[in-house]
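Chemist: Here you go, run.csv (CSV, C-alpha atoms and all ligand atoms):
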```csv
chain,number,residue,atom,x,y,z
A,73,MET,CA,39.6,-8.7,-1.6
A,74,ASN,CA,39.4,-12.1,-3.4
A,75,GLU,CA,36.6,-14.4,-4.2
A,76,THR,CA,37.0,-16.6,-1.2
A,77,GLU,CA,36.9,-13.7,1.2
A,78,ILE,CA,33.8,-12.5,-0.5
A,79,ASN,CA,32.2,-15.9,-0.2
A,80,ASN,CA,33.0,-15.9,3.5
A,81,ILE,CA,31.3,-12.5,3.9
A,82,LEU,CA,28.2,-13.7,2.0
A,83,GLU,CA,28.1,-16.9,4.1
A,84,GLU,CA,27.9,-14.8,7.3
A,85,GLY,CA,25.1,-12.8,5.7
A,86,LEU,CA,25.3,-9.5,3.7
A,87,TYR,CA,22.0,-7.6,3.1
A,88,CYS,CA,20.8,-5.1,0.6
A,89,ILE,CA,20.2,-1.8,2.4
A,90,GLY,CA,17.4,-1.0,-0.1
A,91,CYS,CA,15.1,-3.9,0.3
A,92,GLY,CA,16.6,-6.1,3.1
A,93,ALA,CA,17.2,-9.1,0.8
A,94,ARG,CA,20.3,-11.3,1.5
A,95,ILE,CA,22.9,-10.6,-1.2
A,96,GLN,CA,23.8,-13.5,-3.5
A,97,TYR,CA,25.4,-13.8,-6.9
A,98,THR,CA,24.2,-17.2,-8.0
A,99,ASN,CA,20.6,-16.6,-9.2
A,100,GLN,CA,19.7,-13.6,-11.2
A,101,ASN,CA,15.9,-14.3,-10.8
A,102,GLU,CA,16.0,-14.4,-7.0
A,103,ALA,CA,16.0,-11.6,-4.4
A,104,GLY,CA,19.3,-10.1,-3.4
A,105,TYR,CA,21.1,-10.8,-6.7
A,106,LEU,CA,24.2,-8.8,-7.5
A,107,PRO,CA,26.7,-9.9,-10.2
A,108,LYS,CA,30.0,-11.2,-8.8
A,109,SER,CA,31.9,-8.5,-10.6
A,110,ALA,CA,29.9,-5.8,-8.9
A,111,LEU,CA,30.6,-7.4,-5.5
A,112,LEU,CA,34.3,-7.5,-6.2
A,113,LYS,CA,34.3,-3.9,-7.3
A,114,HIS,CA,32.3,-2.9,-4.2
A,115,PHE,CA,34.8,-4.4,-1.8
A,116,SER,CA,37.8,-3.1,-3.8
A,117,ASP,CA,36.6,0.5,-3.3
A,118,GLU,CA,38.5,2.1,-0.3
A,119,GLU,CA,35.4,3.5,1.4
A,120,HIS,CA,32.7,1.2,0.3
A,121,SER,CA,29.2,2.6,0.8
A,122,ASP,CA,26.0,0.8,1.5
A,123,LEU,CA,25.3,-2.1,-0.8
A,124,LEU,CA,22.3,-2.2,-3.2
A,125,CYS,CA,21.1,-5.4,-5.0
A,126,TYR,CA,20.6,-5.3,-8.7
A,127,ARG,CA,16.8,-5.1,-8.4
A,128,CYS,CA,17.0,-2.0,-6.1
A,129,PHE,CA,19.5,-0.5,-8.5
A,130,ARG,CA,17.1,-0.9,-11.4
A,131,LEU,CA,14.1,0.3,-9.4
A,132,ARG,CA,16.0,3.5,-8.3
A,133,ASN,CA,17.6,4.3,-11.6
A,134,TYR,CA,15.1,3.1,-14.2
A,135,ASN,CA,11.9,2.7,-12.2
A,136,GLU,CA,11.7,-0.8,-13.5
A,137,ILE,CA,10.5,-3.7,-11.4
A,138,GLN,CA,12.2,-7.1,-11.6
A,139,PRO,CA,9.7,-9.6,-10.3
A,140,VAL,CA,11.0,-11.9,-7.6
A,141,GLU,CA,9.2,-14.7,-5.8
A,142,ILE,CA,7.7,-13.3,-2.7
A,143,ASN,CA,7.6,-15.6,0.3
A,144,SER,CA,4.6,-14.6,2.3
A,145,SER,CA,5.2,-17.1,5.1
A,146,HIS,CA,8.7,-15.6,5.6
A,147,PHE,CA,7.0,-12.2,5.9
A,148,GLN,CA,4.6,-13.6,8.5
A,149,THR,CA,7.5,-15.1,10.5
A,150,ILE,CA,9.1,-11.6,10.7
A,151,LEU,CA,5.9,-10.1,12.0
A,152,ASN,CA,5.2,-13.0,14.4
A,153,GLN,CA,8.4,-12.2,16.2
A,154,ILE,CA,7.1,-8.8,17.3
A,155,SER,CA,4.8,-10.1,20.0
A,156,ASN,CA,7.7,-11.8,21.7
A,157,THR,CA,9.7,-8.5,22.0
A,158,LYS,CA,9.2,-5.3,23.8
A,159,SER,CA,8.8,-3.0,20.8
A,160,LEU,CA,6.9,0.0,19.7
A,161,VAL,CA,4.8,-0.7,16.6
A,162,ILE,CA,4.1,2.0,14.0
A,163,TYR,CA,1.2,0.6,11.9
A,164,VAL,CA,0.8,2.4,8.6
A,165,LEU,CA,-2.5,2.6,6.7
A,166,ASP,CA,-3.2,4.0,3.2
A,167,LEU,CA,-6.1,6.5,3.5
A,168,PHE,CA,-7.1,5.9,-0.1
A,169,ASP,CA,-7.5,2.2,0.7
A,170,VAL,CA,-8.2,1.8,4.3
A,171,GLU,CA,-10.0,-1.5,4.1
A,172,GLY,CA,-7.3,-2.9,1.9
A,173,SER,CA,-4.7,-1.9,4.5
A,174,LEU,CA,-6.5,-3.3,7.6
A,175,ILE,CA,-4.8,-6.4,8.9
A,176,PRO,CA,-7.4,-8.5,10.7
A,177,GLY,CA,-4.8,-10.5,12.8
A,178,ILE,CA,-2.8,-7.5,13.8
A,179,SER,CA,-3.6,-7.6,17.6
A,180,ARG,CA,-2.1,-11.1,17.7
A,181,LEU,CA,1.1,-10.0,15.8
A,182,VAL,CA,1.6,-7.0,18.0
A,183,GLY,CA,0.9,-8.7,21.4
A,184,ASN,CA,0.8,-6.2,24.2
A,185,ASN,CA,3.1,-3.7,22.5
A,186,PRO,CA,1.9,-0.1,22.0
A,187,ILE,CA,0.7,1.0,18.6
A,188,ILE,CA,1.0,4.3,16.9
A,189,LEU,CA,-1.3,4.4,13.9
A,190,VAL,CA,-0.2,6.4,10.9
A,191,GLY,CA,-2.9,7.2,8.3
A,192,ASN,CA,-0.7,8.0,5.3
A,193,LYS,CA,-1.4,9.5,1.9
A,194,MET,CA,-3.7,12.2,3.3
A,195,ASP,CA,-2.7,14.3,0.3
A,196,LEU,CA,-4.8,12.0,-1.9
A,197,LEU,CA,-8.0,12.9,-0.2
A,198,PRO,CA,-9.8,16.1,-1.3
A,199,LYS,CA,-8.4,19.1,0.6
A,200,SER,CA,-11.8,19.9,2.1
A,201,VAL,CA,-11.8,16.7,4.2
A,202,LYS,CA,-11.5,17.4,7.9
A,203,GLU,CA,-8.7,15.6,9.8
A,204,ASN,CA,-11.0,14.9,12.8
A,205,LYS,CA,-13.5,13.1,10.6
A,206,ILE,CA,-10.7,10.8,9.4
A,207,ILE,CA,-9.4,10.2,12.9
A,208,ASN,CA,-12.8,9.2,14.1
A,209,PHE,CA,-13.2,6.9,11.1
A,210,LEU,CA,-9.8,5.2,11.8
A,211,ASN,CA,-10.7,4.9,15.5
A,212,LYS,CA,-13.8,2.9,14.5
A,213,LYS,CA,-11.9,0.8,11.9
A,214,THR,CA,-9.1,-0.2,14.3
A,215,ARG,CA,-11.7,-1.1,17.0
A,216,ASP,CA,-13.2,-3.5,14.5
A,217,ILE,CA,-9.9,-5.3,14.2
A,218,GLY,CA,-9.3,-5.4,18.0
A,219,ILE,CA,-6.6,-2.7,18.5
A,220,LYS,CA,-6.5,0.6,20.3
A,221,PRO,CA,-3.8,2.8,19.0
A,222,ALA,CA,-2.0,5.1,21.6
A,223,GLU,CA,-1.9,7.8,18.9
A,224,ILE,CA,-3.3,8.4,15.4
A,225,ILE,CA,-1.3,10.6,13.1
A,226,LEU,CA,-2.3,11.6,9.6
A,227,THR,CA,0.6,12.1,7.2
A,228,ARG,CA,1.6,13.0,3.7
A,229,ALA,CA,4.9,11.1,3.5
A,230,THR,CA,6.0,12.2,0.0
A,231,LYS,CA,5.4,15.8,1.0
A,232,GLY,CA,7.9,15.7,3.7
A,233,ASP,CA,6.5,16.9,7.1
A,234,VAL,CA,6.3,13.4,8.5
A,235,ALA,CA,9.3,13.4,10.8
A,236,GLU,CA,8.2,16.6,12.5
A,237,GLN,CA,4.9,14.9,13.2
A,238,ILE,CA,6.1,11.5,14.3
A,239,ILE,CA,9.3,12.0,16.2
A,240,PRO,CA,7.7,14.0,19.1
A,241,LYS,CA,5.1,11.2,19.5
A,242,LEU,CA,7.9,8.7,20.0
A,243,ASN,CA,9.2,10.4,23.2
A,244,PRO,CA,7.0,8.4,25.7
A,245,TYR,CA,8.4,5.2,24.2
A,246,LEU,CA,12.2,5.8,24.2
A,247,SER,CA,12.6,2.8,26.5
A,248,TYR,CA,11.4,0.6,23.6
A,249,LYS,CA,14.7,-0.2,21.8
A,250,GLU,CA,13.0,-1.5,18.7
A,251,ILE,CA,10.4,0.4,16.6
A,252,TYR,CA,8.7,-1.9,14.1
A,253,VAL,CA,7.0,-0.3,11.1
A,254,VAL,CA,4.3,-2.7,9.8
A,255,GLY,CA,1.5,-2.6,7.3
A,256,VAL,CA,0.1,-3.9,4.0
A,257,THR,CA,2.3,-3.5,1.0
A,258,ASN,CA,2.5,-0.1,-0.7
A,259,VAL,CA,1.1,2.0,2.1
A,260,GLY,CA,4.3,4.0,2.4
A,261,LYS,CA,6.2,2.3,5.3
A,262,SER,CA,9.7,2.7,3.7
A,263,THR,CA,8.9,6.3,2.6
A,264,ILE,CA,8.1,7.2,6.2
A,265,ILE,CA,11.2,5.5,7.6
A,266,ASN,CA,13.4,7.3,5.0
A,267,GLN,CA,12.0,10.6,6.2
A,268,LEU,CA,12.7,9.7,9.9
A,269,VAL,CA,16.2,8.6,9.1
A,270,LYS,CA,16.8,11.8,7.1
A,271,TYR,CA,15.6,13.9,10.0
A,272,VAL,CA,17.9,12.3,12.5
A,273,SER,CA,21.0,11.6,10.4
A,274,ASN,CA,20.6,13.7,7.2
A,275,GLN,CA,21.0,10.5,5.1
A,276,GLY,CA,18.4,10.6,2.3
A,277,ASN,CA,16.5,7.7,0.6
A,278,VAL,CA,18.3,4.9,2.3
A,279,ILE,CA,15.5,2.4,1.7
A,280,THR,CA,14.2,1.7,-1.8
A,281,THR,CA,10.6,2.8,-2.3
A,282,SER,CA,8.4,2.4,-5.4
A,283,ARG,CA,4.9,2.3,-6.6
A,284,PHE,CA,5.1,-1.4,-7.1
A,285,PRO,CA,3.7,-3.5,-4.3
A,286,GLY,CA,6.3,-5.8,-2.7
A,287,THR,CA,9.3,-3.5,-2.8
A,288,THR,CA,10.7,-4.3,0.7
A,289,LEU,CA,11.6,-8.0,0.8
A,290,ASP,CA,13.0,-8.5,4.3
A,291,LYS,CA,13.6,-6.8,7.7
A,292,ILE,CA,15.8,-3.6,7.4
A,293,GLU,CA,17.1,-2.2,10.7
A,294,ILE,CA,18.4,1.4,10.9
A,295,PRO,CA,19.5,3.2,14.1
A,296,LEU,CA,17.5,6.3,14.9
A,297,SER,CA,19.6,7.1,18.0
A,298,GLN,CA,22.2,5.4,20.2
A,299,GLU,CA,19.5,3.4,21.9
A,300,ASN,CA,16.7,3.0,19.4
A,301,LYS,CA,16.5,1.4,16.0
A,302,ILE,CA,13.7,1.5,13.5
A,303,ILE,CA,12.8,-1.7,11.6
A,304,ASP,CA,11.2,-1.8,8.2
A,305,THR,CA,9.2,-4.9,7.3
A,306,PRO,CA,7.9,-6.3,4.0
A,307,GLY,CA,4.3,-5.4,3.4
A,308,ILE,CA,1.6,-8.0,3.9
A,309,ILE,CA,0.0,-9.0,0.7
A,310,HIS,CA,-3.7,-9.0,0.5
A,311,ASP,CA,-4.5,-10.8,-2.7
A,312,TRP,CA,-8.1,-9.5,-2.7
A,313,GLN,CA,-6.9,-5.9,-3.6
A,314,MET,CA,-7.6,-5.0,-7.2
A,315,THR,CA,-3.9,-4.0,-7.6
A,316,HIS,CA,-2.9,-7.7,-7.7
A,317,TYR,CA,-5.2,-8.3,-10.7
A,318,VAL,CA,-3.8,-5.5,-12.9
A,319,ASP,CA,-0.6,-5.3,-14.9
A,320,VAL,CA,2.0,-2.9,-13.6
A,321,LYS,CA,1.8,-0.9,-16.8
A,322,ASP,CA,-1.8,0.0,-15.8
A,323,PHE,CA,-1.0,1.1,-12.2
A,324,LYS,CA,-1.5,4.6,-13.4
A,325,TYR,CA,-5.3,4.0,-13.4
A,326,LEU,CA,-5.3,2.6,-9.8
A,327,LEU,CA,-2.6,4.2,-7.7
A,328,PRO,CA,-3.1,8.0,-7.4
A,329,ASN,CA,-0.1,10.2,-6.7
A,330,LYS,CA,-2.1,13.4,-6.3
A,331,GLU,CA,-5.4,14.6,-4.9
A,332,ILE,CA,-8.3,12.7,-6.2
A,333,LYS,CA,-11.1,14.6,-7.9
A,334,PRO,CA,-14.5,13.2,-6.9
A,335,GLN,CA,-17.1,12.9,-9.6
A,336,THR,CA,-20.8,13.1,-8.8
A,337,PHE,CA,-23.4,11.3,-10.9
A,338,GLN,CA,-27.2,11.9,-10.9
A,339,LEU,CA,-28.5,8.6,-11.9
A,340,ASN,CA,-31.9,7.8,-13.4
A,341,PRO,CA,-33.4,4.4,-12.7
A,342,GLU,CA,-31.7,1.4,-14.4
A,343,GLN,CA,-28.4,3.0,-15.2
A,344,THR,CA,-25.0,1.3,-15.0
A,345,ILE,CA,-21.5,2.7,-14.4
A,346,PHE,CA,-18.4,0.9,-15.6
A,347,VAL,CA,-15.2,1.6,-13.7
A,348,GLY,CA,-12.8,1.1,-16.7
A,349,GLY,CA,-12.9,-2.6,-17.5
A,350,LEU,CA,-12.6,-3.6,-13.9
A,351,ALA,CA,-16.0,-3.1,-12.3
A,352,GLN,CA,-19.7,-2.8,-13.4
A,353,ILE,CA,-22.3,-1.3,-11.1
A,354,ASP,CA,-26.0,-1.6,-12.0
A,355,PHE,CA,-28.1,0.8,-10.1
A,356,ASP,CA,-31.5,-0.9,-9.5
A,357,ASN,CA,-33.2,2.1,-8.0
A,358,LYS,CA,-36.7,3.2,-8.9
A,359,GLU,CA,-36.0,6.9,-8.3
A,360,LYS,CA,-33.3,9.3,-9.3
A,361,ILE,CA,-30.3,9.0,-7.0
A,362,SER,CA,-26.9,10.7,-6.6
A,363,VAL,CA,-23.6,9.0,-6.0
A,364,THR,CA,-20.0,10.4,-5.8
A,365,ALA,CA,-17.1,8.4,-7.2
A,366,TYR,CA,-13.6,8.4,-5.7
A,367,PHE,CA,-11.1,6.9,-8.1
A,368,GLU,CA,-7.7,7.7,-9.5
A,369,ASN,CA,-8.2,10.6,-11.9
A,370,ASN,CA,-6.9,8.7,-14.9
A,371,LEU,CA,-9.6,6.0,-14.5
A,372,LYS,CA,-12.5,6.7,-16.7
A,373,LEU,CA,-16.1,5.9,-15.6
A,374,HIS,CA,-18.6,5.2,-18.3
A,375,ARG,CA,-22.4,5.5,-17.8
A,376,SER,CA,-24.9,3.6,-19.8
A,377,LYS,CA,-28.5,2.2,-19.6
A,378,THR,CA,-28.4,-1.1,-17.8
A,379,GLN,CA,-30.3,-2.6,-20.7
A,380,LYS,CA,-27.4,-1.7,-23.0
A,381,ALA,CA,-24.6,-2.5,-20.5
A,382,GLN,CA,-23.8,-6.1,-21.6
A,383,GLU,CA,-23.5,-5.0,-25.2
A,384,LEU,CA,-21.2,-2.2,-24.3
A,385,PHE,CA,-19.1,-4.5,-22.2
A,386,ASN,CA,-18.8,-7.1,-25.0
A,387,ASN,CA,-17.9,-4.5,-27.6
A,388,GLN,CA,-15.7,-2.1,-25.6
A,389,PHE,CA,-13.9,-4.3,-23.1
A,390,GLY,CA,-10.2,-3.4,-23.4
A,391,LYS,CA,-11.0,-0.5,-25.8
A,392,LEU,CA,-13.2,2.2,-24.2
A,393,LEU,CA,-13.3,0.2,-21.0
A,394,VAL,CA,-9.7,0.2,-19.7
A,395,PRO,CA,-7.8,-1.1,-17.9
A,396,ILE,CA,-8.7,-4.8,-17.8
A,397,PRO,CA,-7.3,-7.6,-15.6
A,398,LYS,CA,-3.9,-8.8,-16.6
A,399,GLU,CA,-5.2,-12.4,-17.0
A,400,ALA,CA,-8.6,-13.6,-18.1
A,401,VAL,CA,-10.6,-14.0,-14.9
A,402,PRO,CA,-14.3,-14.6,-14.4
A,403,TYR,CA,-16.4,-11.8,-13.0
A,404,THR,CA,-18.7,-12.4,-10.1
A,405,SER,CA,-21.7,-10.4,-9.2
A,406,GLN,CA,-23.0,-9.4,-5.7
A,407,LYS,CA,-26.0,-7.4,-4.6
A,408,PHE,CA,-25.9,-4.7,-1.9
A,409,ASN,CA,-28.5,-2.5,-0.3
A,410,LEU,CA,-26.8,0.9,0.2
A,411,LYS,CA,-28.0,3.6,2.6
A,412,ASN,CA,-27.6,7.3,2.4
A,413,ASN,CA,-24.1,8.2,3.8
A,414,GLN,CA,-22.6,4.8,3.1
A,415,ASP,CA,-19.7,3.9,0.7
A,416,LEU,CA,-19.5,0.9,-1.7
A,417,VAL,CA,-15.8,0.1,-1.6
A,418,ILE,CA,-13.8,-1.9,-4.2
A,419,ALA,CA,-10.6,-2.8,-2.4
A,420,GLY,CA,-7.5,-1.4,-3.9
A,421,LEU,CA,-9.5,0.6,-6.5
A,422,GLY,CA,-11.7,3.2,-4.9
A,423,TRP,CA,-15.3,3.8,-3.8
A,424,PHE,CA,-18.8,5.2,-4.5
A,425,SER,CA,-20.3,7.3,-1.8
A,426,PHE,CA,-24.1,7.2,-1.7
A,427,ASN,CA,-26.2,10.3,-1.1
A,428,SER,CA,-29.4,8.3,-1.3
A,429,ASP,CA,-30.5,4.8,-0.4
A,430,ALA,CA,-30.1,2.4,-3.4
A,431,MET,CA,-30.0,-1.2,-4.4
A,432,ILE,CA,-27.1,-2.2,-6.6
A,433,THR,CA,-25.5,-5.1,-8.4
A,434,ILE,CA,-21.7,-5.0,-8.7
A,435,LYS,CA,-19.5,-7.2,-10.9
A,436,VAL,CA,-15.8,-7.4,-10.3
A,437,PRO,CA,-13.1,-10.0,-11.1
A,438,LYS,CA,-13.6,-13.0,-8.9
A,439,GLY,CA,-11.5,-12.7,-5.7
A,440,VAL,CA,-11.6,-8.9,-5.5
A,441,LYS,CA,-13.2,-7.8,-2.2
A,442,VAL,CA,-16.3,-5.5,-2.3
A,443,LEU,CA,-17.8,-4.1,0.9
A,444,VAL,CA,-20.1,-1.5,2.4
A,445,ARG,CA,-19.0,0.9,5.1
A,446,GLU,CA,-20.0,4.1,6.8
A,447,ALA,CA,-18.8,7.0,4.6
A,448,GLU,CA,-15.1,7.7,5.0
A,449,ILE,CA,-15.3,11.4,4.0
B,501,LIG,N1,0.7,10.5,-2.7
B,501,LIG,C1,1.4,9.9,-1.8
B,501,LIG,N2,2.2,8.8,-2.1
B,501,LIG,C2,2.9,8.2,-1.2
B,501,LIG,C3,2.9,8.7,0.2
B,501,LIG,N3,3.7,7.8,0.9
B,501,LIG,C4,4.2,7.0,0.0
B,501,LIG,N4,3.8,7.2,-1.2
B,501,LIG,C5,4.1,6.4,-2.5
B,501,LIG,O1,3.5,5.1,-2.3
B,501,LIG,C6,4.4,4.2,-3.0
B,501,LIG,C7,4.8,3.1,-2.0
B,501,LIG,O2,5.6,3.6,-1.0
B,501,LIG,P1,6.7,2.7,-0.2
B,501,LIG,O3,7.3,3.5,0.9
B,501,LIG,O4,7.6,1.9,-1.1
B,501,LIG,O5,5.6,1.6,0.5
B,501,LIG,P2,5.9,0.4,1.4
B,501,LIG,O6,4.8,0.3,2.4
B,501,LIG,O7,7.2,0.4,2.0
B,501,LIG,O8,5.7,-0.8,0.4
B,501,LIG,P3,6.3,-2.3,0.4
B,501,LIG,O9,7.7,-2.2,0.6
B,501,LIG,O10,5.9,-2.9,-0.9
B,501,LIG,O11,5.6,-3.0,1.5
B,501,LIG,C8,5.5,5.0,-3.5
B,501,LIG,O12,5.3,5.2,-4.9
B,501,LIG,C9,5.6,6.2,-2.7
B,501,LIG,O13,6.1,7.3,-3.3
B,501,LIG,C10,2.0,9.8,0.5
B,501,LIG,O14,1.9,10.2,1.7
B,501,LIG,N5,1.3,10.3,-0.5
B,502,MG,MG,8.8,-0.9,1.7
```
Translate the structure described by the file into structure tokens.
Modeler:
Amino acid sequence: MNETEINNILEEGLYCIGCGARIQYTNQNEAGYLPKSALLKHFSDEEHSDLLCYRCFRLRNYNEIQPVEINSSHFQTILNQISNTKSLVIYVLDLFDVEGSLIPGISRLVGNNPIILVGNKMDLLPKSVKENKIINFLNKKTRDIGIKPAEIILTRATKGDVAEQIIPKLNPYLSYKEIYVVGVTNVGKSTIINQLVKYVSNQGNVITTSRFPGTTLDKIEIPLSQENKIIDTPGIIHDWQMTHYVDVKDFKYLLPNKEIKPQTFQLNPEQTIFVGGLAQIDFDNKEKISVTAYFENNLKLHRSKTQKAQELFNNQFGKLLVPIPKEAVPYTSQKFNLKNNQDLVIAGLGWFSFNSDAMITIKVPKGVKVLVREAEI
């Protein structure tokens, strides 16, 4: 095959099977880049396999992320199409970051189409947590954003029993030709699709997955049967999740890959807890209280007297108190009145569960969302 023929193919549209980006050889810094030589080689192979862009190649082989500009409005356009089609929607949530993975406008995006809700990363929650409790919790959360899922399934996509759980639930919907998998970035959409595809066709890891948010860049359509295809979509980016404030090298403090170990603190009046260098919580209670912290196990929590907290922060920011935001950002402070059995959630980071009523002041980088909810677990 010569260059002109390849140009013609590219003109018609050739897409990376790993991330969905349109293949191009002109700009190394943009999505879908593949050197011209690699394209020539690909088409000169007798049985050319699926094509992967350079970014997917590096992600899969070296676990290195090449940043590309992400076009959120293009993502939105893809999702906006769903309401005009007759499709089944699989909406994936991360159980370690439920609020971060809620999409307030989802009912408009989905239209009248049925929704199967998948609460993924169940393996991160302590083993003692009852599935029923989580399902009730998700029922309430989805009601708050105006949807009523036809099914709620809890999964551990990296542990591999997902297809057995999901495939039978698709049976009532086989007349829906298209199955869209949607959700916020990094919740495990592509991992789940890979498991489904592997189950029906034995092809493994077709789509690129990674711990970096923003892995999938465009729609990826894969047949599940003669009639049905499953469609991966780029994750919605919520820039109020802590993940977007922290350098990728520090993701090990934020994104757990195994069961989180809760830590309980008995706090005397006027104590403070620092969550690494990312959050400061002053407990303004007059009596002794007890709180349980749910964060990635690598993230160290430091306790001090509130009176000494500012000094500790000034001296230890970026030393004892790590990680810190990737860029200098102001911290803002908010006050909350917590009740027994409520959680104080820092989106994309974790939460404190309160076993007593308390008043607190929390400081986080400006823009990161903090909220109070009924206890998740
Ligand atoms: N512990 C755990 N990790 C998971 C699970 N499912 C996915 N992951 C991990 O979560 C990260 C994100 O997974 P992806 O499948 O790439 O997520 P995505 O929703 O497609 O992300 P985008 O393409 O960025 O929107 C990867 O590191 C996965 O290995 C799970 O059930 N448990
Ligand atoms: Mg993906």
Chemist: Write out as CSV a residue-level contact list of chain A versus ligand MG 502 (chain B) with cut-off 9 Å: for each qualifying residue the closest pair of atoms and the distance in Å to one decimal, counting only C-alpha atoms and all ligand atoms, rows sorted by chain and residue number upward.
Modeler:
```
residue,atom,partner,partner_atom,distance
A:Gly90,CA,B:MG502,MG,8.8
A:Cys91,CA,B:MG502,MG,7.1
A:Thr257,CA,B:MG502,MG,7.0
A:Asn258,CA,B:MG502,MG,6.8
A:Val259,CA,B:MG502,MG,8.2
A:Gly260,CA,B:MG502,MG,6.7
A:Lys261,CA,B:MG502,MG,5.5
A:Ser262,CA,B:MG502,MG,4.2
A:Thr263,CA,B:MG502,MG,7.3
A:Ile279,CA,B:MG502,MG,7.5
A:Thr280,CA,B:MG502,MG,6.9
A:Thr281,CA,B:MG502,MG,5.7
A:Ser282,CA,B:MG502,MG,7.8
A:Pro285,CA,B:MG502,MG,8.3
A:Gly286,CA,B:MG502,MG,7.0
A:Thr287,CA,B:MG502,MG,5.2
A:Thr288,CA,B:MG502,MG,4.0
A:Leu289,CA,B:MG502,MG,7.7
A:Asp304,CA,B:MG502,MG,7.0
A:Thr305,CA,B:MG502,MG,6.9
A:Pro306,CA,B:MG502,MG,5.9
A:Gly307,CA,B:MG502,MG,6.6
```
Chemist: Could you write out that same residue set with C-alpha atoms as a PDB file, keeping the file's coordinate frame?
Modeler:
```pdb
ATOM      1  CA  GLY A  90      17.400  -1.000  -0.100  1.00  0.00           C
ATOM      2  CA  CYS A  91      15.100  -3.900   0.300  1.00  0.00           C
ATOM      3  CA  THR A 257       2.300  -3.500   1.000  1.00  0.00           C
ATOM      4  CA  ASN A 258       2.500  -0.100  -0.700  1.00  0.00           C
ATOM      5  CA  VAL A 259       1.100   2.000   2.100  1.00  0.00           C
ATOM      6  CA  GLY A 260       4.300   4.000   2.400  1.00  0.00           C
ATOM      7  CA  LYS A 261       6.200   2.300   5.300  1.00  0.00           C
ATOM      8  CA  SER A 262       9.700   2.700   3.700  1.00  0.00           C
ATOM      9  CA  THR A 263       8.900   6.300   2.600  1.00  0.00           C
ATOM     10  CA  ILE A 279      15.500   2.400   1.700  1.00  0.00           C
ATOM     11  CA  THR A 280      14.200   1.700  -1.800  1.00  0.00           C
ATOM     12  CA  THR A 281      10.600   2.800  -2.300  1.00  0.00           C
ATOM     13  CA  SER A 282       8.400   2.400  -5.400  1.00  0.00           C
ATOM     14  CA  PRO A 285       3.700  -3.500  -4.300  1.00  0.00           C
ATOM     15  CA  GLY A 286       6.300  -5.800  -2.700  1.00  0.00           C
ATOM     16  CA  THR A 287       9.300  -3.500  -2.800  1.00  0.00           C
ATOM     17  CA  THR A 288      10.700  -4.300   0.700  1.00  0.00           C
ATOM     18  CA  LEU A 289      11.600  -8.000   0.800  1.00  0.00           C
ATOM     19  CA  ASP A 304      11.200  -1.800   8.200  1.00  0.00           C
ATOM     20  CA  THR A 305       9.200  -4.900   7.300  1.00  0.00           C
ATOM     21  CA  PRO A 306       7.900  -6.300   4.000  1.00  0.00           C
ATOM     22  CA  GLY A 307       4.300  -5.400   3.400  1.00  0.00           C
TER      23      GLY A 307
END
```
Chemist: Between A:Asn274, A:Asn204, A:Thr230, A:Asn152, which one has atoms that come closest to ligand LIG 501 (chain B), using only C-alpha atoms and all ligand atoms?
Modeler: A:Thr230
Chemist: So which residues touch segment 365-379 of chain A within 6 Å, counting only C-alpha atoms, skipping near sequence neighbours fewer than 6 positions away, as a list in words?
Modeler: Tyr325, Leu326, Pro328, Pro334, Gln335, Glu342, Gln343, Thr344, Ile345, Phe346, Val347, Gly348, Gly422, Trp423 and Phe424 of chain A
Chemist: May I ask which of the residues A:Val182, A:Ile332, A:Leu242, A:Ala103 is the closest one to ligand LIG 501 (chain B), counting all atoms listed in the file?
Modeler: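 Between A:Val182, A:Ile332, A:Leu242, A:Ala103, the residue approaching ligand LIG 501 (chain B) most closely is A:Ile332.
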Chemist: Counting all atoms listed in the file, which of A:Lys333, A:Pro139, A:Val442, A:Ile302 gets nearest to Ser200 of chain A?
Modeler: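 Smallest distance to Ser200 of chain A is found for A:Lys333.
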Chemist: Quick one: distance from atom CA of Cys88 of chain A to atom CA of Leu189 of chain A in Å, one decimal?
Modeler: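 Atom-to-atom, atom CA of Cys88 of chain A to atom CA of Leu189 of chain A, that is 27.5 Å.
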Chemist: Which residues come within 8 Å of Val436 of chain A, counting all atoms listed in the file, excluding same-chain residues fewer than 6 positions away, as a ChimeraX atom specification?
Modeler: /A:350-352,403-405
Chemist: Excluding segment 154-171 of chain A and residues on its chain fewer than 6 positions from it, collect all residues at most 8 Å away from it, counting all atoms listed in the file, and give them as a ChimeraX atom specification.
Modeler: /A:180-194,196-197,245,248-256,259-261,419-422
Chemist: So that I can see what lies close to segment 112-121 of chain A, please list as a ChimeraX atom specification the residues with an atom at most 9 Å from it, counting all atoms listed in the file and leaving out residues fewer than 4 positions away in the same chain.
Modeler: /A:73-75,78,107-108
Chemist: Would you mind listing what lies within 12 Å of Ser273 of chain A as an mmCIF file with C-alpha atoms, in the frame of the given file, with only C-alpha atoms counted and same-chain residues fewer than 2 positions away left out?
Modeler:
```cif
data_model
loop_
_atom_site.group_PDB
_atom_site.id
_atom_site.type_symbol
_atom_site.label_atom_id
_atom_site.label_comp_id
_atom_site.auth_asym_id
_atom_site.auth_seq_id
_atom_site.Cartn_x
_atom_site.Cartn_y
_atom_site.Cartn_z
ATOM 1 C CA ALA A 235 9.300 13.400 10.800
ATOM 2 C CA ILE A 265 11.200 5.500 7.600
ATOM 3 C CA ASN A 266 13.400 7.300 5.000
ATOM 4 C CA GLN A 267 12.000 10.600 6.200
ATOM 5 C CA LEU A 268 12.700 9.700 9.900
ATOM 6 C CA VAL A 269 16.200 8.600 9.100
ATOM 7 C CA LYS A 270 16.800 11.800 7.100
ATOM 8 C CA TYR A 271 15.600 13.900 10.000
ATOM 9 C CA GLN A 275 21.000 10.500 5.100
ATOM 10 C CA GLY A 276 18.400 10.600 2.300
ATOM 11 C CA ASN A 277 16.500 7.700 0.600
ATOM 12 C CA VAL A 278 18.300 4.900 2.300
ATOM 13 C CA ILE A 294 18.400 1.400 10.900
ATOM 14 C CA PRO A 295 19.500 3.200 14.100
ATOM 15 C CA LEU A 296 17.500 6.300 14.900
ATOM 16 C CA SER A 297 19.600 7.100 18.000
ATOM 17 C CA GLN A 298 22.200 5.400 20.200
#
```
